[in-house]
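The file run.cif comes next; it holds mmCIF, C-alpha atoms.
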data_final
#
loop_
_atom_site.label_atom_id
_atom_site.label_comp_id
_atom_site.auth_asym_id
_atom_site.auth_seq_id
_atom_site.Cartn_x
_atom_site.Cartn_y
_atom_site.Cartn_z
CA PRO O 1 -91.79 -64.82 101.30
CA PRO O 2 -90.51 -67.41 98.79
CA TYR O 3 -86.74 -67.73 98.63
CA ARG O 4 -86.29 -65.91 95.30
CA VAL O 5 -88.51 -63.05 96.39
CA ALA O 6 -86.69 -62.76 99.72
CA ALA O 7 -83.31 -62.84 97.95
CA LEU O 8 -84.40 -60.06 95.57
CA ILE O 9 -85.66 -57.94 98.46
CA MET O 10 -82.35 -58.46 100.28
CA VAL O 11 -80.30 -57.47 97.23
CA VAL O 12 -82.34 -54.31 96.69
CA LEU O 13 -82.22 -53.40 100.37
CA ASN O 14 -78.48 -53.98 100.69
CA SER O 15 -77.81 -52.04 97.47
CA ALA O 16 -79.81 -49.09 98.82
CA LEU O 17 -78.00 -49.25 102.16
CA VAL O 18 -74.56 -49.36 100.51
CA ALA O 19 -75.51 -46.38 98.35
CA GLY O 20 -76.85 -44.56 101.40
CA LEU O 21 -73.64 -45.20 103.30
CA ALA O 22 -71.63 -43.78 100.40
CA VAL O 23 -73.80 -40.64 100.30
CA CYS O 24 -73.42 -40.16 104.05
CA ALA O 25 -69.64 -40.60 103.82
CA VAL O 26 -69.37 -37.98 101.07
CA ARG O 27 -71.60 -35.56 102.96
CA TRP O 28 -69.77 -35.96 106.28
CA ALA O 29 -66.41 -35.57 104.53
CA GLY O 30 -67.55 -32.27 103.01
CA LEU O 31 -67.04 -33.46 99.44
CA PRO O 32 -69.18 -32.32 96.48
CA ALA O 33 -72.38 -34.28 95.89
CA TRP O 34 -71.17 -35.73 92.59
CA ALA O 35 -68.46 -37.65 94.46
CA ALA O 36 -71.17 -39.91 95.88
CA GLY O 37 -71.74 -41.42 92.43
CA PHE O 38 -68.09 -42.39 92.12
CA LEU O 39 -68.06 -43.90 95.61
CA VAL O 40 -71.26 -45.88 94.95
CA ALA O 41 -69.72 -47.24 91.74
CA PHE O 42 -66.48 -48.08 93.55
CA LEU O 43 -68.35 -50.00 96.24
CA GLY O 44 -70.57 -51.72 93.70
CA LEU O 45 -67.68 -52.87 91.52
CA GLY O 46 -65.24 -53.74 94.31
CA GLN O 47 -65.19 -57.28 95.66
CA VAL O 48 -65.87 -56.23 99.23
CA GLY O 49 -68.83 -54.08 98.20
CA LYS O 50 -70.30 -56.77 95.97
CA ALA O 51 -70.01 -59.33 98.75
CA GLN O 52 -72.26 -57.19 100.95
CA ILE O 53 -74.93 -57.19 98.26
CA TYR O 54 -75.07 -60.71 96.89
CA LEU O 55 -74.20 -62.70 100.02
CA GLY O 56 -77.14 -61.36 101.99
CA GLN O 57 -74.92 -59.87 104.65
CA ILE O 58 -76.22 -57.46 107.28
CA ASN O 59 -72.97 -55.51 107.10
CA PRO O 60 -74.57 -52.51 105.31
CA VAL O 61 -76.97 -52.14 108.25
CA VAL O 62 -74.08 -52.41 110.68
CA GLY O 63 -72.01 -49.97 108.62
CA LEU O 64 -74.73 -47.34 108.73
CA GLY O 65 -75.11 -47.97 112.44
CA VAL O 66 -71.41 -47.43 113.08
CA ALA O 67 -71.29 -44.32 110.90
CA GLY O 68 -74.38 -42.81 112.48
CA ALA O 69 -73.28 -43.52 116.04
CA LEU O 70 -69.96 -41.77 115.42
CA ALA O 71 -71.24 -38.86 113.34
CA LEU O 72 -74.46 -37.84 115.08
CA ARG O 73 -72.81 -36.26 118.12
CA ASP O 74 -75.48 -33.59 118.52
CA ARG O 75 -78.34 -36.12 118.29
CA PRO O 76 -77.75 -38.65 121.09
CA ARG O 77 -81.06 -40.49 120.61
CA ALA O 78 -80.47 -41.06 116.90
CA ALA O 79 -76.87 -42.03 117.63
CA ALA O 80 -78.07 -44.52 120.25
CA LEU O 81 -80.42 -46.15 117.72
CA CYS O 82 -77.52 -46.39 115.29
CA LEU O 83 -75.40 -48.06 117.97
CA ALA O 84 -78.22 -50.55 118.55
CA LEU O 85 -78.08 -51.41 114.84
CA ALA O 86 -74.33 -51.92 115.08
CA TRP O 87 -74.94 -54.42 117.90
CA PHE O 88 -76.46 -56.74 115.25
CA LYS O 89 -72.85 -57.91 115.05
CA PRO O 90 -71.29 -57.83 118.53
CA GLN O 91 -67.79 -57.79 117.02
CA TYR O 92 -68.70 -54.27 115.86
CA GLY O 93 -71.08 -53.23 118.62
CA LEU O 94 -68.66 -53.91 121.47
CA PRO O 95 -65.64 -51.94 120.16
CA LEU O 96 -67.94 -49.14 118.99
CA THR O 97 -69.43 -48.92 122.48
CA LEU O 98 -65.93 -48.79 123.97
CA LEU O 99 -65.00 -45.99 121.54
CA LEU O 100 -68.08 -43.99 122.48
CA LEU O 101 -67.25 -44.40 126.16
CA ALA O 102 -63.65 -43.34 125.52
CA SER O 103 -64.87 -40.18 123.78
CA GLY O 104 -67.12 -39.30 126.72
CA ARG O 105 -70.43 -40.15 125.05
CA TRP O 106 -71.77 -42.24 127.93
CA ARG O 107 -75.44 -41.54 127.23
CA THR O 108 -75.25 -42.78 123.66
CA ALA O 109 -73.19 -45.84 124.63
CA VAL O 110 -75.48 -46.91 127.49
CA THR O 111 -78.79 -46.13 125.76
CA GLY O 112 -77.80 -47.82 122.50
CA THR O 113 -76.52 -50.94 124.24
CA LEU O 114 -79.62 -51.23 126.43
CA THR O 115 -81.84 -50.76 123.37
CA ALA O 116 -80.09 -53.61 121.59
CA LEU O 117 -80.32 -55.77 124.71
CA VAL O 118 -84.05 -55.20 125.20
CA ALA O 119 -84.79 -55.77 121.52
CA SER O 120 -82.82 -59.04 121.61
CA LEU O 121 -84.48 -60.56 124.68
CA PRO O 122 -87.65 -61.88 122.93
CA VAL O 123 -85.56 -63.49 120.19
CA VAL O 124 -83.15 -65.02 122.70
CA ALA O 125 -86.09 -66.42 124.67
CA VAL O 126 -87.44 -68.18 121.57
CA LEU O 127 -83.99 -69.56 120.72
CA VAL O 128 -83.46 -70.84 124.26
CA VAL O 129 -86.79 -72.66 124.16
CA ARG O 130 -86.09 -74.19 120.76
CA ALA O 131 -82.62 -75.30 121.90
CA GLY O 132 -84.12 -77.18 124.83
CA GLY O 133 -83.02 -74.78 127.54
CA PRO O 134 -80.08 -72.52 128.45
CA GLY O 135 -77.58 -75.39 128.26
CA GLY O 136 -78.62 -76.29 124.73
CA PHE O 137 -78.53 -72.62 123.72
CA VAL O 138 -74.97 -72.25 125.02
CA ASP O 139 -73.95 -75.41 123.15
CA VAL O 140 -75.30 -73.94 119.91
CA LEU O 141 -73.30 -70.77 120.51
CA ARG O 142 -70.15 -72.79 121.15
CA ARG O 143 -70.60 -74.79 117.94
CA ASN O 144 -71.16 -71.63 115.94
CA VAL O 145 -68.04 -69.99 117.34
CA ALA O 146 -66.02 -73.16 116.77
CA TYR O 147 -67.16 -73.31 113.15
CA ALA O 148 -66.53 -69.61 112.53
CA THR O 149 -62.99 -69.80 113.91
CA SER O 150 -62.04 -73.03 112.13
CA THR O 151 -62.92 -72.21 108.52
CA ALA O 152 -60.06 -71.57 106.11
CA TYR O 153 -62.17 -68.82 104.54
CA GLY O 154 -62.22 -66.80 107.74
CA ALA O 155 -58.51 -67.16 108.47
CA ALA O 156 -56.43 -63.99 108.41
CA GLY O 157 -54.03 -65.49 105.88
CA SER O 158 -56.70 -66.79 103.49
CA PRO O 159 -56.10 -65.51 99.93
CA THR O 160 -59.83 -65.83 99.16
CA SER O 161 -61.07 -64.03 102.25
CA HIS O 162 -62.95 -60.75 102.02
CA ARG O 163 -61.59 -59.63 105.37
CA VAL O 164 -60.33 -56.05 105.36
CA ASP O 165 -59.12 -55.77 108.95
CA LEU O 166 -55.52 -54.72 109.50
CA THR O 167 -54.28 -58.20 110.41
CA ALA O 168 -55.71 -59.75 107.23
CA LEU O 169 -54.43 -56.91 105.02
CA LEU O 170 -50.91 -57.22 106.39
CA SER O 171 -51.07 -61.00 106.02
CA ARG O 172 -52.05 -60.76 102.34
CA ALA O 173 -49.53 -58.00 101.65
CA THR O 174 -46.64 -59.96 103.16
CA ALA O 175 -47.85 -63.45 102.13
CA THR O 176 -47.40 -64.69 105.69
CA THR O 177 -49.70 -66.31 108.24
CA PRO O 178 -49.75 -64.33 111.49
CA PRO O 179 -49.68 -66.13 114.86
CA ASP O 180 -52.94 -66.39 116.78
CA VAL O 181 -51.82 -63.77 119.27
CA ALA O 182 -51.49 -61.18 116.49
CA GLU O 183 -55.23 -60.60 116.05
CA PRO O 184 -56.09 -59.57 119.64
CA LEU O 185 -52.95 -57.43 119.84
CA VAL O 186 -53.75 -55.64 116.59
CA PHE O 187 -57.35 -55.21 117.73
CA ILE O 188 -56.23 -53.55 120.97
CA ALA O 189 -53.77 -51.30 119.11
CA VAL O 190 -56.32 -50.18 116.52
CA LEU O 191 -58.95 -49.60 119.20
CA GLY O 192 -56.49 -47.51 121.21
CA VAL O 193 -55.56 -45.33 118.23
CA ALA O 194 -59.23 -44.89 117.30
CA ALA O 195 -60.10 -43.88 120.87
CA TRP O 196 -57.29 -41.31 120.88
CA VAL O 197 -58.48 -39.85 117.57
CA LEU O 198 -62.09 -39.63 118.77
CA ARG O 199 -61.11 -37.94 122.01
CA ARG O 200 -59.05 -35.37 120.11
CA SER O 201 -61.85 -34.70 117.63
CA ALA O 202 -64.39 -34.39 120.46
CA ALA O 203 -62.14 -31.91 122.27
CA ALA O 204 -61.67 -29.90 119.06
CA ALA O 205 -65.43 -29.77 118.49
#

Would you write out, as structure tokens, the structure that this file holds?
Amino acid sequence: PPYRVAALIMVVLNSALVAGLAVCAVRWAGLPAWAAGFLVAFLGLGQVGKAQIYLGQINPVVGLGVAGALALRDRPRAAALCLALAWFKPQYGLPLTLLLLASGRWRTAVTGTLTALVASLPVVAVLVVRAGGPGGFVDVLRRNVAYATSTAYGAAGSPTSHRVDLTALLSRATATTPPDVAEPLVFIAVLGVAAWVLRRSAAAA
């Protein structure tokens, strides 16, 4: 569709997904239904929530995928499809898969990952052809990663960043720039704590 039409569709879709994620969060937390309205308003007025709507991000899709994969324990097929959605962004799909494996949900982890892989193959094939072969495709990936890791906007210490990971939050709170080694260490620590919590909740259930 024309750009303006596509942008409008994306805004409406992302707004609906953000609202749906808020409703699911309220329902899974056992809160009254009216709390969903407050959470939708909070997400819509907050900078992080607004960024998901007007920047055309796929984060709302990934967010629903993560939430569904974790919450739908008694529906492994639906949870696997949610995990496949989360794999839209590998930086979410990979740790989520590791968390599912740590909590003993092997079927969901394997099925969801394979679903994402199979669905991606036709697109990857087209991209490889357009890049002039596997070597050109790998070069494109390298340039993308180099750009993503070199922007001031994406830095953990950037005051204008919308990052909400623990490293970035601590950096903004303390007005310091963390060393490069801090991010992988924090990632491993957070992943370990999350895995422990999921295993305990799975055992309690």

Show me, as JSON lines, the residues of region 59-117 of chain O having an atom within 12 Å of region 48-53 of chain O, each with the closest atom pair and its distance in Å, using only C-alpha atoms.
{"residue": "O:Asn59", "atom": "CA", "partner": "O:Gln52", "partner_atom": "CA", "distance": 6.4}
{"residue": "O:Pro60", "atom": "CA", "partner": "O:Gln52", "partner_atom": "CA", "distance": 6.8}
{"residue": "O:Val61", "atom": "CA", "partner": "O:Gln52", "partner_atom": "CA", "distance": 10.0}
{"residue": "O:Val62", "atom": "CA", "partner": "O:Gln52", "partner_atom": "CA", "distance": 11.0}
{"residue": "O:Gly63", "atom": "CA", "partner": "O:Gln52", "partner_atom": "CA", "distance": 10.5}

Just write the chosen residues, C-alpha atoms, as a short mmCIF file (atom, residue, chain, number, x, y, z; two decimals), in the frame of the given file.
data_model
loop_
_atom_site.label_atom_id
_atom_site.label_comp_id
_atom_site.auth_asym_id
_atom_site.auth_seq_id
_atom_site.Cartn_x
_atom_site.Cartn_y
_atom_site.Cartn_z
CA ASN O 59 -72.97 -55.51 107.10
CA PRO O 60 -74.57 -52.51 105.31
CA VAL O 61 -76.97 -52.14 108.25
CA VAL O 62 -74.08 -52.41 110.68
CA GLY O 63 -72.01 -49.97 108.62
#

Result set of the PyMOL selection byres ((chain O and resi 88) around 10) on the coordinates above, as a ChimeraX atom specification: /O:58-59,61-62,65,83-87,89-93,116,120

Interatomic distance (Å, one decimal) between CA of Trp28 (chain O) and CA of Asp74 (chain O):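 It comes out at 13.7 Å.
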
Between CA of Trp34 (chain O) and CA of Ala22 (chain O), distance in Å (one decimal):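 Between CA of Trp34 (chain O) and CA of Ala22 (chain O) the gap is 11.2 Å.
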
Counting only C-alpha atoms, the option among O:Ala204, O:Gly132, O:Thr149, O:Leu198 closest to Asp180 (chain O):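 For Asp180 (chain O), the nearest of the candidates is O:Thr149.
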
Coordinates of box centre and edge lengths for region 123-139 of chain O, 5 Å on every side, axis-aligned, as AutoDock Vina command-line options:
--center_x -80.7 --center_y -70.3 --center_z 124.3 --size_x 23.5 --size_y 23.7 --size_z 18.3

Neighbour list for Leu170 (chain O) as a list of chain:residue names, cut-off 12 Å, only C-alpha atoms, skip fewer than 2 positions in-chain: O:Ala156, O:Gly157, O:Ser158, O:Pro159, O:Arg163, O:Val164, O:Asp165, O:Leu166, O:Thr167, O:Ala168, O:Arg172, O:Ala173, O:Thr174, O:Ala175, O:Thr176, O:Thr177, O:Pro178, O:Ala182, O:Glu183, O:Val186

Go ahead and save the residues from that selection, with C-alpha atoms, as a PDB file, in the frame of the given file.
ATOM      1  CA  ALA O 156     -56.430 -63.990 108.410  1.00  0.00           C
ATOM      2  CA  GLY O 157     -54.030 -65.490 105.880  1.00  0.00           C
ATOM      3  CA  SER O 158     -56.700 -66.790 103.490  1.00  0.00           C
ATOM      4  CA  PRO O 159     -56.100 -65.510  99.930  1.00  0.00           C
ATOM      5  CA  ARG O 163     -61.590 -59.630 105.370  1.00  0.00           C
ATOM      6  CA  VAL O 164     -60.330 -56.050 105.360  1.00  0.00           C
ATOM      7  CA  ASP O 165     -59.120 -55.770 108.950  1.00  0.00           C
ATOM      8  CA  LEU O 166     -55.520 -54.720 109.500  1.00  0.00           C
ATOM      9  CA  THR O 167     -54.280 -58.200 110.410  1.00  0.00           C
ATOM     10  CA  ALA O 168     -55.710 -59.750 107.230  1.00  0.00           C
ATOM     11  CA  ARG O 172     -52.050 -60.760 102.340  1.00  0.00           C
ATOM     12  CA  ALA O 173     -49.530 -58.000 101.650  1.00  0.00           C
ATOM     13  CA  THR O 174     -46.640 -59.960 103.160  1.00  0.00           C
ATOM     14  CA  ALA O 175     -47.850 -63.450 102.130  1.00  0.00           C
ATOM     15  CA  THR O 176     -47.400 -64.690 105.690  1.00  0.00           C
ATOM     16  CA  THR O 177     -49.700 -66.310 108.240  1.00  0.00           C
ATOM     17  CA  PRO O 178     -49.750 -64.330 111.490  1.00  0.00           C
ATOM     18  CA  ALA O 182     -51.490 -61.180 116.490  1.00  0.00           C
ATOM     19  CA  GLU O 183     -55.230 -60.600 116.050  1.00  0.00           C
ATOM     20  CA  VAL O 186     -53.750 -55.640 116.590  1.00  0.00           C
TER      21      VAL O 186
END

Distance query Ala25 (chain O) at most 10 Å, only C-alpha atoms, self and fewer than 2 positions along chain excluded, as a list in words: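 Within the cut-off, the hits are Ala19, Gly20, Leu21, Ala22, Val23, Arg27, Trp28, Ala29, Gly30, Leu31, Ala35, Ala36, Leu39, Leu64, Ala67 and Ala71 of chain O.
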
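Of the listed residues O:Ala109, O:Val40, O:Val126, O:Leu101, the one whose atoms come nearest to Arg77 (chain O) is O:Ala109, with distances taken using all atoms listed in the file.
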
Point-to-point distance from CA of Ala41 (chain O) to CA of Leu17 (chain O), Å rounded to tenths: 13.5 Å

Residue nearest Thr111 (chain O) - candidates O:Cys82, O:Ala189, O:Val197, O:Ala33, atoms counted: only C-alpha atoms: O:Cys82

Reference answer for the PyMOL selection byres ((chain O and resi 1-10) around 9), as a list in words: Val11, Val12, Leu13, Asn14, Ser15, Ile53, Tyr54, Gly56 and Gln57 of chain O

How about saving the chosen residues, C-alpha atoms kept, as a short mmCIF file (atom, residue, chain, number, x, y, z; two decimals), keeping the file's coordinate frame?
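The new file part-v7.cif reads:
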data_model
loop_
_atom_site.label_atom_id
_atom_site.label_comp_id
_atom_site.auth_asym_id
_atom_site.auth_seq_id
_atom_site.Cartn_x
_atom_site.Cartn_y
_atom_site.Cartn_z
CA VAL O 11 -80.30 -57.47 97.23
CA VAL O 12 -82.34 -54.31 96.69
CA LEU O 13 -82.22 -53.40 100.37
CA ASN O 14 -78.48 -53.98 100.69
CA SER O 15 -77.81 -52.04 97.47
CA ILE O 53 -74.93 -57.19 98.26
CA TYR O 54 -75.07 -60.71 96.89
CA GLY O 56 -77.14 -61.36 101.99
CA GLN O 57 -74.92 -59.87 104.65
#

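For the file at hand, the PyMOL selection byres ((chain O and resi 194) around 12) resolves to Leu70, Pro95, Leu96, Leu98, Leu99, Leu100, Leu101, Ala102, Ser103, Phe187, Ile188, Ala189, Val190, Leu191, Gly192, Val193, Ala195, Trp196, Val197, Leu198, Arg199, Arg200 and Ser201 of chain O.
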